Amino acid sequence: MKKKLLNGVLVLAIAMIGLSIVGIFVLDGIAQSIIQTKGSEGLGVQVKVDNVHVGFFGTNSSINGLSISNPEEFQSDNTPNMLTVQEVTIEFNVFQLVDKQIEIPNVFVDGIELHVQQQDGKSNIETMLHHIFSDETPTGEHPHSPCNIGTLTLSDIKVIANGKFTVIDSGDVTAHIPEIVLHNIGTGGDAELAIEVITSAITHAIMQHLAAHPVEGLSKLAFSHVTDLINELPVFKQLKIGHALQGATDTIGRGVDGILSGLDDILGGNNDDNK
């Protein structure tokens, strides 16, 4: 009898471990698909990710090989992407989704390469910003799953500029920025809105840094102009750096059954009730 009981417990334990492993892979795949789909919709260009891991047993979430394509008119063999990121590490666990207010202490974005280009009187950055400005995604004033990033650290940044972003006749100018640290990035709603906000915040920080710390050959005026454009974005004005998240009225966790719906809210949920 004891042997049967032990065998039953062992089988149950193995089954639970197997289901957990399957669940982790399914969760990662869903997150990757949502980021790519919603990111592409929000930015108006293709967003790709090599792989995503959502923390299950720990707070070791990550995104690897993120790329945001250049608008079509700016694409070439040398510049297929406007922005690429080698790795993003996030202190986040899927079970945090049971809370109404999600606090992410730290996000580290490493290995950033940004191409800023200008042709025929407009730039690739302005083209992307125009799409974000015209996007009718709900503003996130009352998001289902408000989220705040305590510290966002950008490291190993490379900016390659040409056209009006430089003060030279032709060719590229490259700038290297070791690190930029941002605090209290507030966002909410679904992945489309969150990606718009975070992409705008990262771009804003880089543009502002180069405007304040000019590199030889770069146009301080052009970078200041882009910073001003981002400041006027509706999503940036409402969810900008230092945005104070609305206090959650329901502090009781929604339970394990609420995790999938919480993931849907924060990554790609249907916000029809906000429209």
# chains A, B, ... in the order shown; residues from 1 in each chain; ligands from 1
call {"tool": "residues_around", "arguments": {"residues": "A:Ser67", "least_positions_apart": "4", "cutoff": "7 Å", "atoms": "only C-alpha atoms", "output": "list in words"}}
result
Val47, Lys48, Val49, Asn81, Leu83, Thr84 and Val85 of chain A
call {"tool": "write_last_selection", "arguments": {"atoms": "N, CA and C atoms", "output": "tab-separated table (two decimals), in the first residue's frame"}}
result
chain	number	residue	atom	x	y	z
A	47	VAL	N	8.56	44.43	-35.83
A	47	VAL	CA	9.31	44.18	-34.61
A	47	VAL	C	9.56	42.68	-34.51
A	48	LYS	N	10.82	42.31	-34.34
A	48	LYS	CA	11.19	40.90	-34.22
A	48	LYS	C	11.97	40.66	-32.93
A	49	VAL	N	11.80	39.46	-32.40
A	49	VAL	CA	12.53	39.06	-31.19
A	49	VAL	C	13.03	37.63	-31.41
A	81	ASN	N	17.39	47.83	-40.10
A	81	ASN	CA	16.73	48.13	-38.83
A	81	ASN	C	17.07	49.54	-38.34
A	83	LEU	N	16.47	50.23	-34.95
A	83	LEU	CA	16.93	50.01	-33.58
A	83	LEU	C	17.11	48.52	-33.34
A	84	THR	N	18.23	48.13	-32.78
A	84	THR	CA	18.44	46.75	-32.36
A	84	THR	C	18.95	46.75	-30.93
A	85	VAL	N	18.60	45.69	-30.22
A	85	VAL	CA	19.02	45.51	-28.83
A	85	VAL	C	19.49	44.07	-28.67
call {"tool": "closest_atom_pairs", "arguments": {"of": "stretch 161-188 of chain A", "to": "stretch 111-126 of chain A", "cutoff": "10 Å", "atoms": "only C-alpha atoms", "output": "Markdown table"}}
result
| residue | atom | partner | partner_atom | distance |
| --- | --- | --- | --- | --- |
| A:Ala161 | CA | A:Val116 | CA | 4.8 |
| A:Asn162 | CA | A:Gln117 | CA | 5.3 |
| A:Gly163 | CA | A:Gln118 | CA | 4.8 |
| A:Lys164 | CA | A:Gln118 | CA | 6.0 |
| A:Phe165 | CA | A:Gln117 | CA | 7.2 |
| A:Thr166 | CA | A:Gln117 | CA | 9.6 |
| A:Asp172 | CA | A:Gln117 | CA | 9.3 |
| A:Thr174 | CA | A:His115 | CA | 9.4 |
| A:Ala175 | CA | A:Leu114 | CA | 9.9 |
| A:His176 | CA | A:Glu113 | CA | 9.4 |
| A:Ile177 | CA | A:Ile112 | CA | 9.6 |
| A:Pro178 | CA | A:Gly111 | CA | 9.9 |
call {"tool": "write_last_selection", "arguments": {"atoms": "N, CA and C atoms", "output": "short mmCIF file (atom, residue, chain, number, x, y, z; two decimals), in the first residue's frame"}}
result
data_model
loop_
_atom_site.label_atom_id
_atom_site.label_comp_id
_atom_site.auth_asym_id
_atom_site.auth_seq_id
_atom_site.Cartn_x
_atom_site.Cartn_y
_atom_site.Cartn_z
N ALA A 161 24.51 58.19 -37.30
CA ALA A 161 23.66 59.26 -37.85
C ALA A 161 24.16 59.71 -39.22
N ASN A 162 23.20 60.16 -40.04
CA ASN A 162 23.56 60.81 -41.30
C ASN A 162 22.50 61.84 -41.66
N GLY A 163 22.67 62.52 -42.79
CA GLY A 163 21.71 63.54 -43.21
C GLY A 163 21.71 64.73 -42.29
N LYS A 164 20.52 65.23 -41.98
CA LYS A 164 20.41 66.46 -41.17
C LYS A 164 20.85 66.27 -39.73
N PHE A 165 21.06 65.00 -39.33
CA PHE A 165 21.53 64.75 -37.97
C PHE A 165 23.03 65.01 -37.83
N THR A 166 23.69 65.33 -38.93
CA THR A 166 25.12 65.62 -38.89
C THR A 166 25.38 67.01 -39.46
N ASP A 172 28.54 58.96 -42.54
CA ASP A 172 27.95 58.74 -41.23
C ASP A 172 28.83 59.31 -40.12
N THR A 174 29.34 58.46 -35.97
CA THR A 174 29.00 57.47 -34.94
C THR A 174 29.29 58.02 -33.56
N ALA A 175 28.33 57.83 -32.66
CA ALA A 175 28.50 58.26 -31.28
C ALA A 175 28.33 57.05 -30.36
N HIS A 176 29.14 57.00 -29.31
CA HIS A 176 29.04 55.91 -28.33
C HIS A 176 28.67 56.50 -26.98
N ILE A 177 27.69 55.89 -26.34
CA ILE A 177 27.26 56.32 -25.01
C ILE A 177 27.37 55.12 -24.08
N PRO A 178 28.20 55.21 -23.05
CA PRO A 178 28.40 54.05 -22.17
C PRO A 178 27.11 53.64 -21.43
#
call {"tool": "residues_around", "arguments": {"residues": "A:Gly58", "least_positions_apart": "5", "cutoff": "10 Å", "atoms": "only C-alpha atoms", "output": "ChimeraX atom specification"}}
result
/A:91-95
call {"tool": "residues_around", "arguments": {"residues": "A:Ser155", "least_positions_apart": "2", "cutoff": "7 Å", "atoms": "only C-alpha atoms", "output": "list in words"}}
result
Val109, Asp110, Gly111, Thr153, Ile157, Pro178, Glu179 and Ile180 of chain A
call {"tool": "write_last_selection", "arguments": {"atoms": "N, CA and C atoms", "output": "PDB file, in the first residue's frame"}}
result
ATOM      1  N   VAL A 109      18.866  47.183 -20.361  1.00  0.00           N
ATOM      2  CA  VAL A 109      18.858  47.074 -21.823  1.00  0.00           C
ATOM      3  C   VAL A 109      20.295  47.235 -22.290  1.00  0.00           C
ATOM      4  N   ASP A 110      20.848  46.195 -22.885  1.00  0.00           N
ATOM      5  CA  ASP A 110      22.269  46.186 -23.208  1.00  0.00           C
ATOM      6  C   ASP A 110      22.499  45.961 -24.706  1.00  0.00           C
ATOM      7  N   GLY A 111      23.478  46.678 -25.257  1.00  0.00           N
ATOM      8  CA  GLY A 111      23.833  46.494 -26.660  1.00  0.00           C
ATOM      9  C   GLY A 111      22.835  47.135 -27.616  1.00  0.00           C
ATOM     10  N   THR A 153      18.009  50.904 -17.094  1.00  0.00           N
ATOM     11  CA  THR A 153      19.412  51.173 -17.395  1.00  0.00           C
ATOM     12  C   THR A 153      19.731  50.784 -18.825  1.00  0.00           C
ATOM     13  N   ILE A 157      25.584  51.856 -25.821  1.00  0.00           N
ATOM     14  CA  ILE A 157      24.720  52.464 -26.845  1.00  0.00           C
ATOM     15  C   ILE A 157      25.575  52.985 -27.996  1.00  0.00           C
ATOM     16  N   PRO A 178      28.204  55.207 -23.053  1.00  0.00           N
ATOM     17  CA  PRO A 178      28.395  54.049 -22.166  1.00  0.00           C
ATOM     18  C   PRO A 178      27.115  53.638 -21.428  1.00  0.00           C
ATOM     19  N   GLU A 179      26.399  54.637 -20.880  1.00  0.00           N
ATOM     20  CA  GLU A 179      25.245  54.288 -20.055  1.00  0.00           C
ATOM     21  C   GLU A 179      24.319  55.484 -19.868  1.00  0.00           C
ATOM     22  N   ILE A 180      23.023  55.194 -19.861  1.00  0.00           N
ATOM     23  CA  ILE A 180      22.000  56.177 -19.498  1.00  0.00           C
ATOM     24  C   ILE A 180      21.060  55.482 -18.512  1.00  0.00           C
TER      25      ILE A 180
END
call {"tool": "closest_residue", "arguments": {"among": "A:Ile90, A:Ala205, A:Leu129, A:Ile35", "to": "A:Gly55", "atoms": "only C-alpha atoms"}}
result
A:Ile90
call {"tool": "atom_distance", "arguments": {"atom1": "atom CA of A:Glu73", "atom2": "atom CA of A:Val52"}}
result
29.2 Å
call {"tool": "residues_around", "arguments": {"residues": "A:Leu233", "least_positions_apart": "4", "cutoff": "8 Å", "atoms": "only C-alpha atoms", "output": "list in words"}}
result
Leu129, Ile132, Phe133, Leu229 and Lys237 of chain A
call {"tool": "write_last_selection", "arguments": {"atoms": "C-alpha atoms", "output": "tab-separated table (two decimals), in the first residue's frame"}}
result
chain	number	residue	atom	x	y	z
A	129	LEU	CA	6.87	59.12	-34.26
A	132	ILE	CA	2.73	56.63	-32.85
A	133	PHE	CA	1.13	60.09	-32.77
A	229	LEU	CA	8.58	65.84	-31.04
A	237	LYS	CA	2.70	63.25	-22.23
call {"tool": "closest_residue", "arguments": {"among": "A:Gln208, A:Ser224, A:Ser134, A:Ser219", "to": "A:Glu41", "atoms": "only C-alpha atoms"}}
result
A:Ser134
call {"tool": "select_by_dssp", "arguments": {"residues": "stretch 37-157 of chain A", "states": "strand (DSSP E or B)", "output": "compact mmCIF listing (two decimals) with C-alpha atoms, in the first residue's frame"}}
result
# COMPACT_ATOMS: atom_id res chain seq x y z
CA VAL A 47 9.31 44.18 -34.61
CA LYS A 48 11.19 40.90 -34.22
CA VAL A 49 12.53 39.06 -31.19
CA ASP A 50 14.86 36.04 -31.24
CA ASN A 51 13.52 34.67 -27.97
CA VAL A 52 11.66 35.68 -24.81
CA HIS A 53 11.74 34.17 -21.34
CA GLY A 55 10.24 34.35 -15.15
CA SER A 61 12.72 37.44 -17.37
CA SER A 62 14.55 38.39 -20.55
CA ILE A 63 14.29 39.37 -24.21
CA ASN A 64 17.10 38.56 -26.64
CA GLY A 65 17.75 39.81 -30.16
CA LEU A 66 15.17 42.60 -30.40
CA SER A 67 15.02 44.47 -33.70
CA ILE A 68 12.77 47.31 -34.88
CA SER A 69 12.81 47.67 -38.66
CA ASN A 81 16.73 48.13 -38.83
CA MET A 82 16.33 51.42 -37.06
CA LEU A 83 16.93 50.01 -33.58
CA THR A 84 18.44 46.75 -32.36
CA VAL A 85 19.02 45.51 -28.83
CA GLN A 86 21.19 42.54 -27.90
CA GLU A 87 19.61 41.73 -24.55
CA VAL A 88 16.97 42.98 -22.12
CA THR A 89 16.89 41.55 -18.61
CA ILE A 90 13.86 42.24 -16.44
CA ASN A 93 7.92 37.02 -12.35
CA ILE A 102 2.97 45.75 -11.09
CA GLU A 103 6.28 47.08 -9.81
CA ILE A 104 9.37 46.09 -11.82
CA PRO A 105 12.44 47.19 -9.82
CA ASN A 106 14.99 47.02 -12.62
CA VAL A 107 15.22 46.61 -16.38
CA PHE A 108 18.62 46.42 -18.07
CA VAL A 109 18.86 47.07 -21.82
CA ASP A 110 22.27 46.19 -23.21
CA GLY A 111 23.83 46.49 -26.66
CA ILE A 112 21.70 49.19 -28.31
CA GLU A 113 22.34 50.29 -31.88
CA LEU A 114 20.25 53.17 -33.24
CA HIS A 115 20.35 54.41 -36.83
CA VAL A 116 19.06 57.95 -37.36
CA GLN A 118 17.28 61.71 -43.08
CA GLN A 119 16.29 61.87 -46.72
CA LYS A 122 12.19 63.77 -43.29
CA SER A 123 13.84 61.28 -40.96
CA CYS A 147 3.06 48.91 -14.45
CA ASN A 148 6.00 50.94 -13.24
CA ILE A 149 9.69 50.35 -14.02
CA GLY A 150 11.72 51.64 -11.09
CA THR A 151 15.07 51.90 -12.89
CA LEU A 152 15.70 51.47 -16.61
CA THR A 153 19.41 51.17 -17.40
CA LEU A 154 20.58 51.53 -21.00
CA SER A 155 24.17 50.45 -21.63
CA ASP A 156 26.60 50.08 -24.54
CA ILE A 157 24.72 52.46 -26.84
call {"tool": "residues_around", "arguments": {"residues": "A:His225", "least_positions_apart": "3", "cutoff": "10 Å", "atoms": "only C-alpha atoms", "output": "PyMOL selection string"}}
result
chain A and resi 126+207-208+211+220-222+228-231
call {"tool": "residues_around", "arguments": {"residues": "A:Gly39", "least_positions_apart": "5", "cutoff": "10 Å", "atoms": "only C-alpha atoms", "output": "list in words"}}
result
Ser33, Ile34, Gly44, Val45, Gln46, Val47, Lys48, Ile68, Ala191, Glu192, Leu193, Ala194, Ile195, Glu196, Thr199 and Gly268 of chain A
call {"tool": "atom_distance", "arguments": {"atom1": "atom CA of A:His204", "atom2": "atom CA of A:Val173"}}
result
19.0 Å
call {"tool": "atom_distance", "arguments": {"atom1": "atom CA of A:Val226", "atom2": "atom CA of A:Ile206"}}
result
10.3 Å
call {"tool": "select_by_dssp", "arguments": {"residues": "stretch 13-251 of chain A", "states": "alpha helix (DSSP H)", "output": "ChimeraX atom specification"}}
result
/A:13-43,124-134,191-212,220-231,234-239
